[in-house]
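Enquirer: Provided below: input10.tsv, containing TSV, N, CA and C atoms.
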chain	number	residue	atom	x	y	z
H	1	MET	N	-2.84	65.50	5.57
H	1	MET	CA	-3.02	65.22	6.98
H	1	MET	C	-3.61	66.47	7.65
H	2	ALA	N	-4.52	66.25	8.59
H	2	ALA	CA	-5.15	67.36	9.30
H	2	ALA	C	-4.10	68.23	9.98
H	3	GLY	N	-4.30	69.52	9.88
H	3	GLY	CA	-3.39	70.47	10.50
H	3	GLY	C	-2.23	70.88	9.61
H	4	GLU	N	-1.95	70.09	8.60
H	4	GLU	CA	-0.83	70.37	7.70
H	4	GLU	C	-1.26	71.31	6.57
H	5	PRO	N	-0.36	72.16	6.08
H	5	PRO	CA	-0.70	73.03	4.96
H	5	PRO	C	-1.15	72.22	3.74
H	6	GLN	N	-2.12	72.76	3.03
H	6	GLN	CA	-2.64	72.13	1.82
H	6	GLN	C	-2.20	72.97	0.61
H	7	ALA	N	-1.62	72.31	-0.38
H	7	ALA	CA	-1.07	73.01	-1.54
H	7	ALA	C	-2.12	73.79	-2.31
H	8	ASP	N	-3.36	73.35	-2.29
H	8	ASP	CA	-4.42	73.99	-3.07
H	8	ASP	C	-5.29	74.94	-2.24
H	9	CYS	N	-4.88	75.27	-1.03
H	9	CYS	CA	-5.68	76.11	-0.13
H	9	CYS	C	-5.23	77.57	-0.19
H	10	LEU	N	-6.15	78.44	-0.55
H	10	LEU	CA	-5.88	79.88	-0.62
H	10	LEU	C	-5.34	80.41	0.70
H	11	PHE	N	-5.96	80.05	1.82
H	11	PHE	CA	-5.53	80.60	3.10
H	11	PHE	C	-4.20	80.02	3.55
H	12	CYS	N	-3.91	78.76	3.22
H	12	CYS	CA	-2.58	78.22	3.52
H	12	CYS	C	-1.51	79.01	2.75
H	13	LYS	N	-1.84	79.41	1.53
H	13	LYS	CA	-0.90	80.21	0.74
H	13	LYS	C	-0.70	81.60	1.35
H	14	ILE	N	-1.75	82.17	1.94
H	14	ILE	CA	-1.61	83.46	2.63
H	14	ILE	C	-0.72	83.30	3.85
H	15	VAL	N	-0.95	82.24	4.63
H	15	VAL	CA	-0.12	81.97	5.81
H	15	VAL	C	1.34	81.84	5.41
H	16	ALA	N	1.60	81.17	4.29
H	16	ALA	CA	2.98	80.93	3.83
H	16	ALA	C	3.60	82.15	3.16
H	17	GLY	N	2.81	83.21	2.95
H	17	GLY	CA	3.33	84.41	2.30
H	17	GLY	C	3.41	84.30	0.79
H	18	LYS	N	2.76	83.30	0.22
H	18	LYS	CA	2.78	83.11	-1.24
H	18	LYS	C	1.73	83.95	-1.95
H	19	ILE	N	0.71	84.37	-1.22
H	19	ILE	CA	-0.33	85.25	-1.76
H	19	ILE	C	-0.42	86.44	-0.81
H	20	PRO	N	-0.42	87.66	-1.35
H	20	PRO	CA	-0.48	88.83	-0.48
H	20	PRO	C	-1.85	89.00	0.17
H	21	ALA	N	-1.84	89.61	1.32
H	21	ALA	CA	-3.06	89.97	2.04
H	21	ALA	C	-2.75	91.20	2.87
H	22	THR	N	-3.79	91.96	3.19
H	22	THR	CA	-3.62	93.13	4.05
H	22	THR	C	-3.76	92.65	5.50
H	23	VAL	N	-2.64	92.25	6.06
H	23	VAL	CA	-2.60	91.68	7.41
H	23	VAL	C	-2.76	92.80	8.44
H	24	VAL	N	-3.67	92.58	9.40
H	24	VAL	CA	-3.88	93.56	10.47
H	24	VAL	C	-3.32	93.08	11.81
H	25	ARG	N	-3.22	91.76	11.99
H	25	ARG	CA	-2.64	91.18	13.20
H	25	ARG	C	-2.07	89.82	12.84
H	26	GLU	N	-1.03	89.44	13.56
H	26	GLU	CA	-0.49	88.10	13.40
H	26	GLU	C	0.06	87.65	14.75
H	27	THR	N	-0.22	86.41	15.09
H	27	THR	CA	0.31	85.81	16.32
H	27	THR	C	1.03	84.53	15.94
H	28	GLU	N	1.48	83.82	16.93
H	28	GLU	CA	2.14	82.55	16.70
H	28	GLU	C	1.20	81.54	16.04
H	29	THR	N	-0.11	81.65	16.32
H	29	THR	CA	-1.07	80.66	15.83
H	29	THR	C	-2.09	81.17	14.82
H	30	THR	N	-2.18	82.50	14.64
H	30	THR	CA	-3.22	83.06	13.77
H	30	THR	C	-2.68	84.16	12.86
H	31	VAL	N	-3.44	84.41	11.80
H	31	VAL	CA	-3.22	85.56	10.93
H	31	VAL	C	-4.58	86.20	10.70
H	32	ALA	N	-4.63	87.52	10.77
H	32	ALA	CA	-5.88	88.25	10.52
H	32	ALA	C	-5.63	89.25	9.41
H	33	PHE	N	-6.55	89.29	8.45
H	33	PHE	CA	-6.39	90.16	7.29
H	33	PHE	C	-7.75	90.65	6.81
H	34	ARG	N	-7.72	91.75	6.08
H	34	ARG	CA	-8.95	92.35	5.57
H	34	ARG	C	-9.55	91.48	4.45
H	35	ASP	N	-10.87	91.33	4.50
H	35	ASP	CA	-11.58	90.58	3.47
H	35	ASP	C	-11.53	91.36	2.16
H	36	ILE	N	-11.33	90.68	1.05
H	36	ILE	CA	-11.24	91.37	-0.24
H	36	ILE	C	-12.62	91.76	-0.77
H	37	ASN	N	-13.69	91.24	-0.16
H	37	ASN	CA	-15.05	91.58	-0.55
H	37	ASN	C	-15.83	91.94	0.72
H	38	PRO	N	-15.50	93.08	1.34
H	38	PRO	CA	-16.06	93.40	2.66
H	38	PRO	C	-17.58	93.58	2.63
H	39	GLN	N	-18.21	93.05	3.67
H	39	GLN	CA	-19.65	93.14	3.84
H	39	GLN	C	-20.04	94.15	4.92
H	40	ALA	N	-19.06	94.82	5.47
H	40	ALA	CA	-19.26	95.86	6.49
H	40	ALA	C	-18.02	96.74	6.47
H	41	PRO	N	-18.11	97.95	7.05
H	41	PRO	CA	-16.93	98.82	7.09
H	41	PRO	C	-15.70	98.13	7.69
H	42	THR	N	-15.91	97.32	8.72
H	42	THR	CA	-14.84	96.46	9.22
H	42	THR	C	-15.21	95.04	8.87
H	43	HIS	N	-14.36	94.39	8.12
H	43	HIS	CA	-14.55	92.97	7.76
H	43	HIS	C	-13.17	92.35	7.67
H	44	VAL	N	-12.80	91.67	8.75
H	44	VAL	CA	-11.49	91.06	8.88
H	44	VAL	C	-11.68	89.56	9.06
H	45	LEU	N	-10.84	88.79	8.40
H	45	LEU	CA	-10.84	87.33	8.57
H	45	LEU	C	-9.72	86.96	9.53
H	46	VAL	N	-10.03	86.07	10.46
H	46	VAL	CA	-9.03	85.54	11.38
H	46	VAL	C	-8.92	84.05	11.08
H	47	ILE	N	-7.71	83.61	10.73
H	47	ILE	CA	-7.50	82.22	10.37
H	47	ILE	C	-6.40	81.60	11.23
H	48	PRO	N	-6.50	80.30	11.47
H	48	PRO	CA	-5.38	79.63	12.15
H	48	PRO	C	-4.27	79.36	11.14
H	49	LYS	N	-3.07	79.28	11.62
H	49	LYS	CA	-1.96	78.94	10.74
H	49	LYS	C	-1.96	77.46	10.38
H	50	VAL	N	-2.68	76.65	11.14
H	50	VAL	CA	-2.84	75.23	10.82
H	50	VAL	C	-4.09	75.07	9.97
H	51	HIS	N	-4.10	74.06	9.13
H	51	HIS	CA	-5.22	73.84	8.22
H	51	HIS	C	-6.21	72.82	8.78
H	52	TYR	N	-7.42	73.28	8.99
H	52	TYR	CA	-8.57	72.44	9.29
H	52	TYR	C	-9.72	73.01	8.47
H	53	PRO	N	-10.60	72.17	7.94
H	53	PRO	CA	-11.61	72.65	7.01
H	53	PRO	C	-12.69	73.54	7.61
H	54	ASP	N	-12.96	73.41	8.89
H	54	ASP	CA	-14.02	74.23	9.50
H	54	ASP	C	-13.79	74.37	11.00
H	55	ALA	N	-14.59	75.23	11.61
H	55	ALA	CA	-14.39	75.56	13.03
H	55	ALA	C	-14.59	74.35	13.94
H	56	ALA	N	-15.57	73.51	13.63
H	56	ALA	CA	-15.83	72.35	14.49
H	56	ALA	C	-14.65	71.37	14.47
H	57	THR	N	-14.09	71.15	13.30
H	57	THR	CA	-12.94	70.26	13.17
H	57	THR	C	-11.74	70.82	13.93
H	58	LEU	N	-11.51	72.11	13.79
H	58	LEU	CA	-10.41	72.76	14.52
H	58	LEU	C	-10.63	72.66	16.02
H	59	ALA	N	-11.83	72.97	16.48
H	59	ALA	CA	-12.12	72.95	17.93
H	59	ALA	C	-11.91	71.56	18.52
H	60	GLU	N	-12.26	70.54	17.77
H	60	GLU	CA	-12.08	69.16	18.24
H	60	GLU	C	-10.60	68.80	18.32
H	61	ALA	N	-9.85	69.18	17.29
H	61	ALA	CA	-8.44	68.79	17.20
H	61	ALA	C	-7.51	69.68	18.01
H	62	GLU	N	-7.77	71.00	17.99
H	62	GLU	CA	-6.86	71.95	18.64
H	62	GLU	C	-7.66	73.07	19.31
H	63	PRO	N	-8.32	72.75	20.43
H	63	PRO	CA	-9.19	73.74	21.07
H	63	PRO	C	-8.47	75.03	21.47
H	64	ALA	N	-7.21	74.96	21.80
H	64	ALA	CA	-6.48	76.17	22.17
H	64	ALA	C	-6.35	77.12	20.98
H	65	VAL	N	-6.18	76.58	19.79
H	65	VAL	CA	-6.08	77.43	18.59
H	65	VAL	C	-7.44	78.03	18.27
H	66	ALA	N	-8.51	77.25	18.46
H	66	ALA	CA	-9.86	77.79	18.27
H	66	ALA	C	-10.09	78.97	19.22
H	67	ALA	N	-9.65	78.84	20.45
H	67	ALA	CA	-9.78	79.93	21.42
H	67	ALA	C	-8.92	81.13	21.00
H	68	ASP	N	-7.76	80.87	20.41
H	68	ASP	CA	-6.91	81.96	19.93
H	68	ASP	C	-7.63	82.79	18.87
H	69	ILE	N	-8.39	82.14	18.00
H	69	ILE	CA	-9.14	82.86	16.97
H	69	ILE	C	-10.13	83.82	17.62
H	70	LEU	N	-10.87	83.34	18.62
H	70	LEU	CA	-11.84	84.20	19.30
H	70	LEU	C	-11.16	85.34	20.05
H	71	ARG	N	-10.04	85.05	20.66
H	71	ARG	CA	-9.28	86.09	21.38
H	71	ARG	C	-8.81	87.18	20.41
H	72	GLU	N	-8.30	86.75	19.27
H	72	GLU	CA	-7.84	87.71	18.27
H	72	GLU	C	-9.00	88.50	17.68
H	73	ALA	N	-10.15	87.88	17.50
H	73	ALA	CA	-11.33	88.59	17.01
H	73	ALA	C	-11.68	89.75	17.95
H	74	ALA	N	-11.64	89.50	19.23
H	74	ALA	CA	-11.92	90.56	20.21
H	74	ALA	C	-10.87	91.66	20.15
H	75	ARG	N	-9.62	91.30	19.98
H	75	ARG	CA	-8.55	92.30	19.89
H	75	ARG	C	-8.70	93.15	18.62
H	76	ILE	N	-9.09	92.52	17.53
H	76	ILE	CA	-9.32	93.25	16.28
H	76	ILE	C	-10.47	94.22	16.46
H	77	ALA	N	-11.55	93.77	17.09
H	77	ALA	CA	-12.69	94.66	17.33
H	77	ALA	C	-12.25	95.88	18.14
H	78	ALA	N	-11.40	95.68	19.12
H	78	ALA	CA	-10.90	96.81	19.91
H	78	ALA	C	-10.02	97.72	19.05
H	79	ASP	N	-9.10	97.12	18.30
H	79	ASP	CA	-8.21	97.89	17.43
H	79	ASP	C	-8.97	98.70	16.39
H	80	GLU	N	-10.05	98.12	15.87
H	80	GLU	CA	-10.85	98.76	14.82
H	80	GLU	C	-11.90	99.72	15.38
H	81	LYS	N	-11.93	99.85	16.70
H	81	LYS	CA	-12.87	100.77	17.39
H	81	LYS	C	-14.34	100.39	17.18
H	82	ILE	N	-14.62	99.08	17.10
H	82	ILE	CA	-16.01	98.63	16.97
H	82	ILE	C	-16.48	97.85	18.19
H	83	ALA	N	-15.59	97.59	19.13
H	83	ALA	CA	-15.93	96.76	20.28
H	83	ALA	C	-17.05	97.39	21.12
H	84	ASP	N	-17.01	98.69	21.32
H	84	ASP	CA	-18.01	99.34	22.17
H	84	ASP	C	-19.38	99.45	21.51
H	85	HIS	N	-19.42	99.41	20.19
H	85	HIS	CA	-20.68	99.56	19.46
H	85	HIS	C	-21.29	98.23	19.07
H	86	GLY	N	-20.52	97.17	19.14
H	86	GLY	CA	-21.00	95.84	18.79
H	86	GLY	C	-20.40	95.35	17.50
H	87	TYR	N	-20.16	94.07	17.44
H	87	TYR	CA	-19.59	93.43	16.26
H	87	TYR	C	-20.06	91.99	16.22
H	88	ARG	N	-19.85	91.37	15.10
H	88	ARG	CA	-20.27	89.99	14.91
H	88	ARG	C	-19.06	89.16	14.53
H	89	ILE	N	-19.01	87.94	15.08
H	89	ILE	CA	-18.02	86.93	14.70
H	89	ILE	C	-18.79	85.80	14.04
H	90	VAL	N	-18.44	85.48	12.79
H	90	VAL	CA	-19.18	84.46	12.04
H	90	VAL	C	-18.22	83.38	11.56
H	91	PHE	N	-18.60	82.13	11.80
H	91	PHE	CA	-17.92	80.97	11.22
H	91	PHE	C	-18.94	80.30	10.29
H	92	ASN	N	-18.73	80.38	8.99
H	92	ASN	CA	-19.58	79.65	8.04
H	92	ASN	C	-19.04	78.24	7.94
H	93	THR	N	-19.93	77.26	8.01
H	93	THR	CA	-19.52	75.86	7.95
H	93	THR	C	-20.31	75.15	6.87
H	94	GLY	N	-19.65	74.82	5.78
H	94	GLY	CA	-20.28	74.11	4.67
H	94	GLY	C	-20.79	75.05	3.60
H	95	THR	N	-20.95	74.52	2.41
H	95	THR	CA	-21.39	75.33	1.28
H	95	THR	C	-22.78	75.91	1.49
H	96	GLY	N	-23.66	75.18	2.17
H	96	GLY	CA	-25.01	75.68	2.43
H	96	GLY	C	-25.02	76.91	3.32
H	97	ALA	N	-23.96	77.12	4.07
H	97	ALA	CA	-23.85	78.29	4.94
H	97	ALA	C	-22.99	79.38	4.31
H	98	GLY	N	-22.53	79.15	3.08
H	98	GLY	CA	-21.75	80.16	2.38
H	98	GLY	C	-20.25	80.01	2.48
H	99	GLN	N	-19.77	78.91	3.06
H	99	GLN	CA	-18.32	78.72	3.13
H	99	GLN	C	-17.78	78.44	1.75
H	100	THR	N	-16.78	79.21	1.34
H	100	THR	CA	-16.18	79.02	0.01
H	100	THR	C	-14.70	78.64	0.10
H	101	VAL	N	-14.06	78.93	1.21
H	101	VAL	CA	-12.67	78.51	1.42
H	101	VAL	C	-12.70	77.55	2.60
H	102	PHE	N	-12.28	76.32	2.37
H	102	PHE	CA	-12.40	75.29	3.38
H	102	PHE	C	-11.14	75.18	4.23
H	103	HIS	N	-10.87	76.30	4.88
H	103	HIS	CA	-9.82	76.47	5.89
H	103	HIS	C	-10.52	77.31	6.95
H	104	THR	N	-10.55	76.83	8.18
H	104	THR	CA	-11.27	77.54	9.23
H	104	THR	C	-10.99	79.03	9.19
H	105	HIS	N	-12.04	79.82	9.28
H	105	HIS	CA	-11.86	81.26	9.38
H	105	HIS	C	-13.07	81.91	10.02
H	106	ALA	N	-12.79	82.92	10.80
H	106	ALA	CA	-13.83	83.72	11.44
H	106	ALA	C	-13.88	85.07	10.74
H	107	HIS	N	-15.10	85.51	10.46
H	107	HIS	CA	-15.32	86.85	9.93
H	107	HIS	C	-15.61	87.76	11.13
H	108	VAL	N	-14.88	88.85	11.24
H	108	VAL	CA	-15.16	89.87	12.25
H	108	VAL	C	-15.77	91.04	11.49
H	109	LEU	N	-17.04	91.32	11.80
H	109	LEU	CA	-17.82	92.33	11.07
H	109	LEU	C	-18.31	93.40	12.02
H	110	GLY	N	-18.24	94.65	11.59
H	110	GLY	CA	-18.77	95.73	12.40
H	110	GLY	C	-18.66	97.05	11.69
H	111	GLY	N	-19.08	98.09	12.38
H	111	GLY	CA	-19.02	99.42	11.80
H	111	GLY	C	-20.31	99.85	11.14
H	112	ARG	N	-21.33	99.00	11.21
H	112	ARG	CA	-22.67	99.33	10.71
H	112	ARG	C	-23.65	98.45	11.48
H	113	GLY	N	-24.93	98.77	11.36
H	113	GLY	CA	-25.95	97.95	11.99
H	113	GLY	C	-25.94	96.55	11.38
H	114	LEU	N	-26.00	95.54	12.21
H	114	LEU	CA	-26.04	94.16	11.75
H	114	LEU	C	-27.37	93.56	12.20
H	115	GLU	N	-28.29	93.47	11.28
H	115	GLU	CA	-29.63	93.01	11.58
H	115	GLU	C	-29.67	91.52	11.91
H	116	TRP	N	-30.74	91.13	12.58
H	116	TRP	CA	-30.95	89.72	12.88
H	116	TRP	C	-32.36	89.36	12.48
H	117	PRO	N	-32.62	88.26	11.81
H	117	PRO	CA	-31.60	87.30	11.40
H	117	PRO	C	-30.81	87.79	10.22
H	118	PRO	N	-29.57	87.28	10.08
H	118	PRO	CA	-28.76	87.67	8.92
H	118	PRO	C	-29.38	87.16	7.64
H	119	GLY	N	-29.09	87.82	6.55
H	119	GLY	CA	-29.68	87.44	5.27
H	119	GLY	C	-28.93	86.40	4.54
Once more with this new file: its structure as structure tokens, please.

Expert:
Amino acid sequence: MAGEPQADCLFCKIVAGKIPATVVRETETTVAFRDINPQAPTHVLVIPKVHYPDAATLAEAEPAVAADILREAARIAADEKIADHGYRIVFNTGTGAGQTVFHTHAHVLGGRGLEWPPG
């Protein structure tokens, strides 16, 4: 069922504490942790504690939680001292966009130049 933890989901297991992660922030609705394959000096994932496969599905079902992800991304950027220099928030949606874990997550990237368009 949408929103419910999925037994085969890596990020649901992180939320449940069954798989370790380097958590940098946690709220009632989100968990943020360092990416294990960072693409920038700062690369943190912000995930909702509820399971939805992508950002659009989450925004439709629980817009307040989607807003929580963006709010936490900004707080992480401030905590990581990248807010003043610029940072990127990325939601990959679908395999064609590079999504490999089908649990909504935002990548917070910064600490180096981020060219446009992304590669």

Enquirer: Excluding same-chain residues fewer than 6 positions from His103 (chain H), what lies within 6 Å of it counting only C-alpha atoms, as a PyMOL selection string?

Expert: chain H and resi 51-54

Enquirer: Using only N, CA and C atoms, can you tell me which of H:Ile14, H:Leu109, H:Val44, H:Ala2 comes closest to Ile82 (chain H)?

Expert: H:Leu109

Enquirer: Rank H:Pro20, H:Pro118, H:Pro48, H:Pro63 by their smallest atom-to-atom distance to His105 (chain H), using only N, CA and C atoms, and report the top residue only.

Expert: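 Checking each of H:Pro20, H:Pro118, H:Pro48, H:Pro63 against His105 (chain H), counting only N, CA and C atoms, the winner is H:Pro48.
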
Enquirer: For a test of reading the model, state the distance in Å between atom N of Ala40 (chain H) and CA of Arg88 (chain H), rounded to one decimal.

Expert: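 CA of Arg88 (chain H) lies 10.7 Å from atom N of Ala40 (chain H).
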
Enquirer: Please report the interatomic distance between atom N of His43 (chain H) and atom N of Glu72 (chain H) in Å with one decimal.

Expert: 14.8 Å

Enquirer: Closest to Leu58 (chain H) among H:Lys18, H:Thr104, H:Thr42, H:Gln99, using only N, CA and C atoms?

Expert: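 When distances to Leu58 (chain H) are compared using only N, CA and C atoms, the smallest one comes from H:Thr104.
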
Enquirer: Taking only C-alpha atoms into account, name the residue in H:Asp84, H:Ala66, H:Ile47, H:Thr30 that is nearest to Leu10 (chain H).

Expert: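 Checking each of H:Asp84, H:Ala66, H:Ile47, H:Thr30 against Leu10 (chain H), counting only C-alpha atoms, the winner is H:Ile47.
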
Enquirer: Can you measure atom C of Asn92 (chain H) to CA of Asn37 (chain H) for me? One decimal in Å is fine.

Expert: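 Interatomic distance, atom C of Asn92 (chain H) to CA of Asn37 (chain H): 16.3 Å.
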
Enquirer: Taking the backbone alone, and naming residues the way the document does, which bits of region 9-78 of chain H are strand (DSSP E or B) by DSSP, as a list of chain:residue names?

Expert: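 In region 9-78 of chain H, DSSP puts these residues in strand (DSSP E or B): H:Val23, H:Val24, H:Arg25, H:Glu26, H:Thr30, H:Val31, H:Ala32, H:Phe33, H:Arg34, H:Thr42, H:His43, H:Val44, H:Leu45, H:Val46, H:Ile47, H:Pro48, H:His51.
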
Enquirer: Pull the alpha helix (DSSP H) assignments for chain H out of DSSP run on the backbone, and list those residues as an NGL selection string.

Expert: :H and (10-15 or 55-61 or 63-79)

Enquirer: Using only C-alpha atoms, which of the listed residues (H:Arg75, H:Leu70, H:Pro38, H:Val101) sits closest to Lys13 (chain H)?

Expert: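 Closest candidate: H:Val101.
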
Enquirer: Neighbouring residues of Thr22 (chain H) were defined as those with any atom within 10 Å, considering only C-alpha atoms; residues of the same chain fewer than 4 positions away were excluded. Please report them as a PyMOL selection string.

Expert: chain H and resi 14+32-36+44

Enquirer: Between H:Thr27, H:Asp8, H:Pro117, H:Arg112, which has the minimum distance to Lys81 (chain H) (counting only C-alpha atoms)?

Expert: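 Counting only C-alpha atoms, the residue closest to Lys81 (chain H) is H:Arg112.
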